[in-house]
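Listing of entry_19.pdb; format and content: PDB, C-alpha atoms.
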ATOM      1  CA  MET A   1      -3.952 -17.162  -6.654
ATOM      2  CA  LEU A   2      -1.902 -17.643  -3.490
ATOM      3  CA  ASP A   3      -0.509 -14.111  -3.577
ATOM      4  CA  ASP A   4      -4.034 -12.679  -3.834
ATOM      5  CA  TYR A   5      -5.046 -14.733  -0.804
ATOM      6  CA  LEU A   6      -2.049 -13.546   1.190
ATOM      7  CA  ASP A   7      -2.807  -9.929   0.237
ATOM      8  CA  ALA A   8      -6.362 -10.402   1.515
ATOM      9  CA  LEU A   9      -5.112 -11.776   4.845
ATOM     10  CA  VAL A  10      -2.754  -8.830   5.274
ATOM     11  CA  ALA A  11      -5.637  -6.457   4.519
ATOM     12  CA  VAL A  12      -7.723  -8.077   7.278
ATOM     13  CA  LEU A  13      -4.864  -7.756   9.755
ATOM     14  CA  ARG A  14      -4.241  -4.118   8.872
ATOM     15  CA  ALA A  15      -7.935  -3.305   9.162
ATOM     16  CA  ARG A  16      -8.213  -4.976  12.567
ATOM     17  CA  LEU A  17      -4.887  -3.963  14.118
ATOM     18  CA  GLY A  18      -3.915  -0.715  12.417
ATOM     19  CA  GLU A  19      -0.740   0.721  13.951
ATOM     20  CA  ARG A  20      -0.578  -2.179  16.409
ATOM     21  CA  LEU A  21       0.485  -4.510  13.584
ATOM     22  CA  VAL A  22       4.250  -5.047  13.721
ATOM     23  CA  GLY A  23       4.435  -7.349  10.704
ATOM     24  CA  VAL A  24       3.135 -10.377   8.822
ATOM     25  CA  TRP A  25       5.229 -13.220   7.386
ATOM     26  CA  LEU A  26       4.819 -16.333   5.320
ATOM     27  CA  PHE A  27       6.460 -19.270   7.075
ATOM     28  CA  GLY A  28       6.401 -23.008   6.503
ATOM     29  CA  SER A  29       6.693 -24.895   3.237
ATOM     30  CA  ALA A  30       5.868 -21.898   1.039
ATOM     31  CA  ALA A  31       8.810 -19.971   2.496
ATOM     32  CA  LEU A  32      11.195 -22.943   2.316
ATOM     33  CA  GLY A  33      10.397 -23.758  -1.317
ATOM     34  CA  ASP A  34       8.492 -26.974  -0.570
ATOM     35  CA  PHE A  35       4.933 -25.772  -1.274
ATOM     36  CA  ASP A  36       2.498 -28.099  -3.053
ATOM     37  CA  PRO A  37      -0.856 -26.393  -3.823
ATOM     38  CA  ALA A  38      -2.595 -29.771  -3.702
ATOM     39  CA  THR A  39      -1.454 -30.780  -0.223
ATOM     40  CA  SER A  40       0.280 -27.905   1.585
ATOM     41  CA  ASP A  41      -1.078 -25.506   4.186
ATOM     42  CA  VAL A  42      -0.417 -21.783   4.156
ATOM     43  CA  ASP A  43       1.521 -20.873   7.299
ATOM     44  CA  VAL A  44       1.142 -17.173   8.151
ATOM     45  CA  GLN A  45       2.428 -15.562  11.340
ATOM     46  CA  ALA A  46       1.918 -12.036  12.617
ATOM     47  CA  VAL A  47       3.065  -9.936  15.552
ATOM     48  CA  ALA A  48       1.141  -7.196  17.344
ATOM     49  CA  THR A  49       2.438  -4.541  19.713
ATOM     50  CA  GLU A  50       0.122  -5.741  22.469
ATOM     51  CA  ARG A  51      -2.101  -8.543  23.659
ATOM     52  CA  LEU A  52      -5.604  -8.171  22.245
ATOM     53  CA  ALA A  53      -8.798  -8.560  24.241
ATOM     54  CA  THR A  54     -10.511 -11.923  23.856
ATOM     55  CA  GLU A  55     -13.377 -10.439  21.860
ATOM     56  CA  GLU A  56     -10.979  -8.813  19.427
ATOM     57  CA  ARG A  57      -9.019 -12.017  18.898
ATOM     58  CA  LEU A  58     -12.233 -13.909  18.197
ATOM     59  CA  ALA A  59     -13.348 -11.253  15.727
ATOM     60  CA  LEU A  60      -9.977 -11.362  13.979
ATOM     61  CA  ALA A  61     -10.155 -15.149  13.687
ATOM     62  CA  GLU A  62     -13.648 -14.871  12.197
ATOM     63  CA  ASP A  63     -12.485 -12.294   9.637
ATOM     64  CA  LEU A  64      -9.474 -14.406   8.622
ATOM     65  CA  ALA A  65     -11.590 -17.548   8.297
ATOM     66  CA  ALA A  66     -14.035 -15.648   6.082
ATOM     67  CA  VAL A  67     -11.358 -15.193   3.398
ATOM     68  CA  PRO A  68     -11.733 -18.172   0.988
ATOM     69  CA  CYS A  69      -8.569 -20.279   1.171
ATOM     70  CA  PRO A  70      -7.415 -21.578  -2.242
ATOM     71  CA  VAL A  71      -5.418 -24.495  -0.839
ATOM     72  CA  ARG A  72      -5.833 -27.121   1.884
ATOM     73  CA  GLY A  73      -6.004 -24.578   4.677
ATOM     74  CA  LEU A  74      -4.531 -21.733   6.671
ATOM     75  CA  GLU A  75      -2.373 -22.093   9.758
ATOM     76  CA  PHE A  76      -2.278 -18.649  11.352
ATOM     77  CA  VAL A  77      -0.488 -17.558  14.506
ATOM     78  CA  LEU A  78      -0.582 -14.135  16.174
ATOM     79  CA  TYR A  79       1.972 -13.149  18.814
ATOM     80  CA  ASP A  80       2.250 -10.268  21.209
ATOM     81  CA  ARG A  81       5.706  -8.750  20.680
ATOM     82  CA  GLU A  82       6.440  -9.262  24.397
ATOM     83  CA  ASP A  83       5.942 -13.044  24.049
ATOM     84  CA  LEU A  84       8.533 -13.773  21.368
ATOM     85  CA  ALA A  85      11.518 -14.791  23.509
ATOM     86  CA  GLU A  86       9.660 -17.985  24.410
ATOM     87  CA  PRO A  87       7.073 -17.989  21.609
ATOM     88  CA  ARG A  88       3.578 -18.093  23.047
ATOM     89  CA  PRO A  89       0.779 -17.201  20.626
ATOM     90  CA  GLN A  90      -2.258 -15.201  21.618
ATOM     91  CA  LEU A  91      -4.184 -16.666  18.666
ATOM     92  CA  ASN A  92      -3.667 -19.975  16.873
ATOM     93  CA  LEU A  93      -6.100 -20.629  14.018
ATOM     94  CA  ASN A  94      -6.362 -23.576  11.638
ATOM     95  CA  HIS A  95      -9.062 -23.209   8.999
ATOM     96  CA  GLY A  96      -9.652 -24.269   5.418
ATOM     97  CA  PRO A  97     -11.606 -26.399   2.980
ATOM     98  CA  ARG A  98      -9.627 -29.567   3.731
ATOM     99  CA  MET A  99      -8.517 -28.833   7.277
ATOM    100  CA  GLU A 100     -10.180 -29.404  10.624
ATOM    101  CA  HIS A 101     -11.116 -26.069  12.166
ATOM    102  CA  ARG A 102      -9.165 -25.220  15.310
ATOM    103  CA  LEU A 103      -9.051 -22.037  17.331
ATOM    104  CA  ASP A 104      -6.828 -21.587  20.394
ATOM    105  CA  LEU A 105      -6.642 -18.375  22.401
ATOM    106  CA  GLU A 106      -4.037 -20.005  24.644
ATOM    107  CA  PRO A 107      -1.522 -22.536  23.290
ATOM    108  CA  PRO A 108      -1.880 -26.110  24.535
ATOM    109  CA  ALA A 109       0.877 -26.626  27.085
ATOM    110  CA  ASN A 110       2.017 -29.883  25.484
ATOM    111  CA  GLU A 111       2.481 -28.303  22.027
ATOM    112  CA  TRP A 112       4.786 -25.438  22.979
ATOM    113  CA  PHE A 113       7.650 -26.842  20.919
ATOM    114  CA  TRP A 114       5.980 -26.336  17.538
ATOM    115  CA  PHE A 115       6.024 -22.569  17.967
ATOM    116  CA  THR A 116       9.703 -22.528  18.937
ATOM    117  CA  VAL A 117      10.655 -24.636  15.909
ATOM    118  CA  ASP A 118       8.451 -22.619  13.540
ATOM    119  CA  VAL A 119       9.980 -19.341  14.711
ATOM    120  CA  ALA A 120      13.524 -20.726  14.433
ATOM    121  CA  ILE A 121      12.902 -21.722  10.811
ATOM    122  CA  GLY A 122      10.797 -18.703   9.940
ATOM    123  CA  ARG A 123      13.207 -16.053  11.214
ATOM    124  CA  GLU A 124      15.775 -17.413   8.743
ATOM    125  CA  HIS A 125      13.571 -18.274   5.793
ATOM    126  CA  GLY A 126      10.282 -16.414   6.247
ATOM    127  CA  ARG A 127       8.929 -14.195   3.467
ATOM    128  CA  THR A 128       7.841 -10.739   4.569
ATOM    129  CA  LEU A 129       4.257  -9.845   3.673
ATOM    130  CA  ALA A 130       4.162  -6.643   5.747
ATOM    131  CA  GLY A 131       6.663  -4.966   8.059
ATOM    132  CA  PRO A 132      10.370  -5.665   8.570
ATOM    133  CA  PRO A 133      12.263  -8.893   7.786
ATOM    134  CA  PRO A 134      11.466 -11.661  10.273
ATOM    135  CA  HIS A 135      14.957 -11.789  11.779
ATOM    136  CA  GLU A 136      14.507  -8.184  12.915
ATOM    137  CA  VAL A 137      11.393  -9.070  14.926
ATOM    138  CA  PHE A 138      11.753 -12.689  16.054
ATOM    139  CA  PRO A 139      14.706 -13.301  18.415
ATOM    140  CA  ALA A 140      16.791 -16.374  17.785
ATOM    141  CA  PRO A 141      15.885 -19.152  20.217
ATOM    142  CA  GLY A 142      18.844 -20.289  22.273
ATOM    143  CA  ASP A 143      20.340 -23.670  21.457
ATOM    144  CA  GLU A 144      19.158 -25.127  24.762
ATOM    145  CA  ARG A 145      15.521 -24.200  24.143
ATOM    146  CA  LEU A 146      15.626 -25.230  20.493
ATOM    147  CA  THR A 147      17.220 -28.562  21.354
ATOM    148  CA  ALA A 148      14.514 -29.210  23.942
ATOM    149  CA  ALA A 149      11.863 -28.264  21.383
ATOM    150  CA  LEU A 150      13.252 -30.668  18.795
ATOM    151  CA  HIS A 151      13.410 -33.493  21.343
ATOM    152  CA  ALA A 152       9.757 -32.802  22.188
ATOM    153  CA  ALA A 153       8.880 -32.760  18.483
ATOM    154  CA  LEU A 154      10.540 -36.166  18.021
ATOM    155  CA  ALA A 155       8.485 -37.631  20.854
ATOM    156  CA  PHE A 156       5.234 -36.076  19.598
ATOM    157  CA  HIS A 157       5.745 -36.540  15.847
ATOM    158  CA  PRO A 158       8.584 -38.875  14.737
ATOM    159  CA  GLU A 159       8.136 -37.678  11.134
ATOM    160  CA  ALA A 160      10.059 -34.574  12.242
ATOM    161  CA  ALA A 161      13.206 -36.677  12.732
ATOM    162  CA  PRO A 162      14.960 -36.123   9.361
ATOM    163  CA  ARG A 163      14.767 -32.338   9.676
ATOM    164  CA  ALA A 164      15.823 -32.445  13.349
ATOM    165  CA  TRP A 165      18.766 -34.710  12.519
ATOM    166  CA  ALA A 166      19.925 -32.443   9.690
ATOM    167  CA  TRP A 167      19.732 -29.398  11.925
ATOM    168  CA  ALA A 168      21.597 -31.134  14.752
ATOM    169  CA  VAL A 169      24.441 -32.146  12.436
ATOM    170  CA  GLU A 170      24.663 -29.150  10.087
ATOM    171  CA  ARG A 171      22.825 -26.361  11.914
ATOM    172  CA  ARG A 172      20.686 -25.569   8.895
ATOM    173  CA  TRP A 173      17.013 -26.039   8.087
ATOM    174  CA  LEU A 174      16.058 -28.226   5.146
ATOM    175  CA  THR A 175      12.706 -28.695   3.464
ATOM    176  CA  LYS A 176      10.972 -31.930   4.427
ATOM    177  CA  PRO A 177      11.808 -33.676   1.100
ATOM    178  CA  ALA A 178      15.406 -32.441   1.267
ATOM    179  CA  ALA A 179      15.705 -33.673   4.848
ATOM    180  CA  GLU A 180      14.360 -37.087   3.783
ATOM    181  CA  ARG A 181      16.995 -37.276   1.028
ATOM    182  CA  TRP A 182      19.704 -36.127   3.422
ATOM    183  CA  ALA A 183      18.746 -38.750   6.008
ATOM    184  CA  ALA A 184      18.493 -41.509   3.416
ATOM    185  CA  ALA A 185      21.930 -40.655   2.089
ATOM    186  CA  ARG A 186      23.393 -40.774   5.616
ATOM    187  CA  LEU A 187      21.973 -44.288   5.905
ATOM    188  CA  GLY A 188      23.371 -45.307   2.540
ATOM    189  CA  GLY A 189      20.076 -45.451   0.692
ATOM    190  CA  GLN A 190      17.453 -43.499  -1.196
ATOM    191  CA  PRO A 191      14.070 -42.137  -0.113
ATOM    192  CA  PRO A 192      11.420 -43.001   0.746
ATOM    193  CA  LEU A 193      12.643 -44.187   4.104
ATOM    194  CA  THR A 194      11.484 -47.589   5.280
ATOM    195  CA  ARG A 195       9.908 -48.015   8.698
ATOM    196  CA  ALA A 196      13.143 -49.485  10.043
ATOM    197  CA  GLN A 197      15.131 -46.595   8.608
ATOM    198  CA  ARG A 198      12.739 -44.074  10.174
ATOM    199  CA  GLU A 199      13.295 -45.668  13.562
ATOM    200  CA  ARG A 200      17.041 -45.334  13.011
ATOM    201  CA  VAL A 201      16.633 -41.695  12.021
ATOM    202  CA  VAL A 202      14.696 -40.934  15.221
ATOM    203  CA  GLY A 203      17.492 -42.466  17.287
ATOM    204  CA  ALA A 204      20.190 -40.723  15.291
ATOM    205  CA  ALA A 205      18.444 -37.379  15.608
ATOM    206  CA  ALA A 206      18.019 -37.756  19.364
ATOM    207  CA  ALA A 207      21.679 -38.716  19.768
ATOM    208  CA  ALA A 208      22.909 -35.848  17.586
ATOM    209  CA  LEU A 209      20.791 -33.339  19.495
ATOM    210  CA  GLY A 210      22.278 -34.478  22.780
ATOM    211  CA  PRO A 211      20.597 -33.891  26.160
ATOM    212  CA  GLY A 212      17.523 -31.740  25.942
TER     213      GLY A 212
END

Would you mind giving the structure from this file in structure tokens?
Amino acid sequence: MLDDYLDALVAVLRARLGERLVGVWLFGSAALGDFDPATSDVDVQAVATERLATEERLALAEDLAAVPCPVRGLEFVLYDREDLAEPRPQLNLNHGPRMEHRLDLEPPANEWFWFTVDVAIGREHGRTLAGPPPHEVFPAPGDERLTAALHAALAFHPEAAPRAWAWAVERRWLTKPAAERWAAARLGGQPPLTRAQRERVVGAAAAALGPG
């Protein structure tokens, strides 16, 4: 079911972009092995050789949204290849049966960090749907930028703290449940984390990341 949906998305992208399509990748929980069909989103990212005209981006978003999503929803991001060093999408689409529709042709300035974190995880763990492996297309974000992005993520969404803490200590990306278990073990307990423990994890993550 999911593979058929992903094939349909790739077909839309190929039809719209043709030779301008660099590649398409599955990121997020499905790539990390943490996908739950009942609750998870499908996180798909693509890269084009150029920045598309506004009308073409809107048409692409409409075509992608027209493909029936079999799970909670689709989170889709399209980049221009020239904008990957500091990831800045030219199209950011959220759409699905149990997801609020959102369409951005320019990324909100205060949410820049999500794209940096997603690319950092995806270039290591992403599943190729079309084109080369993700690490051949997405450059590795420098530690300074990634650290700043994780600090911003902590401030915006404290639930990101276990994963940020694990990365800061071990320099590896864990699934969200694995990061919860890792953090709980560091605190001498078992998940789920209590509210007090979550506050400790946020502080520990910020300290382990250092200035950012």

> What is the distance, in Å and to one decimal place, between CA of Thr54 (chain A) and CA of Ala109 (chain A)?
Replying inline: 18.9 Å

>> For a quick check of your reading of the model, name the residues lying within 12 Å of the coordinate (2.9, -11.7, 27.6), counting all atoms listed in the file, and write them as a PyMOL selection string.
In response: chain A and resi 48-52+79-90+106

Atoms to include: C-alpha atoms. Write the selected residues as a PDB file, keeping the file's coordinate frame.
ATOM      1  CA  ALA A  48       1.141  -7.196  17.344  1.00  0.00           C
ATOM      2  CA  THR A  49       2.438  -4.541  19.713  1.00  0.00           C
ATOM      3  CA  GLU A  50       0.122  -5.741  22.469  1.00  0.00           C
ATOM      4  CA  ARG A  51      -2.101  -8.543  23.659  1.00  0.00           C
ATOM      5  CA  LEU A  52      -5.604  -8.171  22.245  1.00  0.00           C
ATOM      6  CA  TYR A  79       1.972 -13.149  18.814  1.00  0.00           C
ATOM      7  CA  ASP A  80       2.250 -10.268  21.209  1.00  0.00           C
ATOM      8  CA  ARG A  81       5.706  -8.750  20.680  1.00  0.00           C
ATOM      9  CA  GLU A  82       6.440  -9.262  24.397  1.00  0.00           C
ATOM     10  CA  ASP A  83       5.942 -13.044  24.049  1.00  0.00           C
ATOM     11  CA  LEU A  84       8.533 -13.773  21.368  1.00  0.00           C
ATOM     12  CA  ALA A  85      11.518 -14.791  23.509  1.00  0.00           C
ATOM     13  CA  GLU A  86       9.660 -17.985  24.410  1.00  0.00           C
ATOM     14  CA  PRO A  87       7.073 -17.989  21.609  1.00  0.00           C
ATOM     15  CA  ARG A  88       3.578 -18.093  23.047  1.00  0.00           C
ATOM     16  CA  PRO A  89       0.779 -17.201  20.626  1.00  0.00           C
ATOM     17  CA  GLN A  90      -2.258 -15.201  21.618  1.00  0.00           C
ATOM     18  CA  GLU A 106      -4.037 -20.005  24.644  1.00  0.00           C
TER      19      GLU A 106
END

> For Gly23 (chain A), which residue out of A:Leu6, A:Ala178, A:Ala148, A:Leu129 is the nearest one, using all atoms listed in the file?
Replying inline: A:Leu129

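Between CA of Tyr5 (chain A) and CA of Leu58 (chain A) there is a distance of 20.3 Å.
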
On this file, the PyMOL selection byres ((chain A and resi 154) around 12) gives some set of residues; write that set as an mmCIF file with C-alpha atoms, keeping the file's coordinate frame.
data_model
loop_
_atom_site.group_PDB
_atom_site.id
_atom_site.type_symbol
_atom_site.label_atom_id
_atom_site.label_comp_id
_atom_site.auth_asym_id
_atom_site.auth_seq_id
_atom_site.Cartn_x
_atom_site.Cartn_y
_atom_site.Cartn_z
ATOM 1 C CA GLU A 111 2.481 -28.303 22.027
ATOM 2 C CA PHE A 113 7.650 -26.842 20.919
ATOM 3 C CA TRP A 114 5.980 -26.336 17.538
ATOM 4 C CA VAL A 117 10.655 -24.636 15.909
ATOM 5 C CA THR A 147 17.220 -28.562 21.354
ATOM 6 C CA ALA A 148 14.514 -29.210 23.942
ATOM 7 C CA ALA A 149 11.863 -28.264 21.383
ATOM 8 C CA LEU A 150 13.252 -30.668 18.795
ATOM 9 C CA HIS A 151 13.410 -33.493 21.343
ATOM 10 C CA ALA A 152 9.757 -32.802 22.188
ATOM 11 C CA ALA A 153 8.880 -32.760 18.483
ATOM 12 C CA ALA A 155 8.485 -37.631 20.854
ATOM 13 C CA PHE A 156 5.234 -36.076 19.598
ATOM 14 C CA HIS A 157 5.745 -36.540 15.847
ATOM 15 C CA PRO A 158 8.584 -38.875 14.737
ATOM 16 C CA GLU A 159 8.136 -37.678 11.134
ATOM 17 C CA ALA A 160 10.059 -34.574 12.242
ATOM 18 C CA ALA A 161 13.206 -36.677 12.732
ATOM 19 C CA PRO A 162 14.960 -36.123 9.361
ATOM 20 C CA ARG A 163 14.767 -32.338 9.676
ATOM 21 C CA ALA A 164 15.823 -32.445 13.349
ATOM 22 C CA TRP A 165 18.766 -34.710 12.519
ATOM 23 C CA ARG A 198 12.739 -44.074 10.174
ATOM 24 C CA GLU A 199 13.295 -45.668 13.562
ATOM 25 C CA VAL A 201 16.633 -41.695 12.021
ATOM 26 C CA VAL A 202 14.696 -40.934 15.221
ATOM 27 C CA GLY A 203 17.492 -42.466 17.287
ATOM 28 C CA ALA A 204 20.190 -40.723 15.291
ATOM 29 C CA ALA A 205 18.444 -37.379 15.608
ATOM 30 C CA ALA A 206 18.019 -37.756 19.364
ATOM 31 C CA ALA A 207 21.679 -38.716 19.768
ATOM 32 C CA LEU A 209 20.791 -33.339 19.495
ATOM 33 C CA GLY A 212 17.523 -31.740 25.942
#
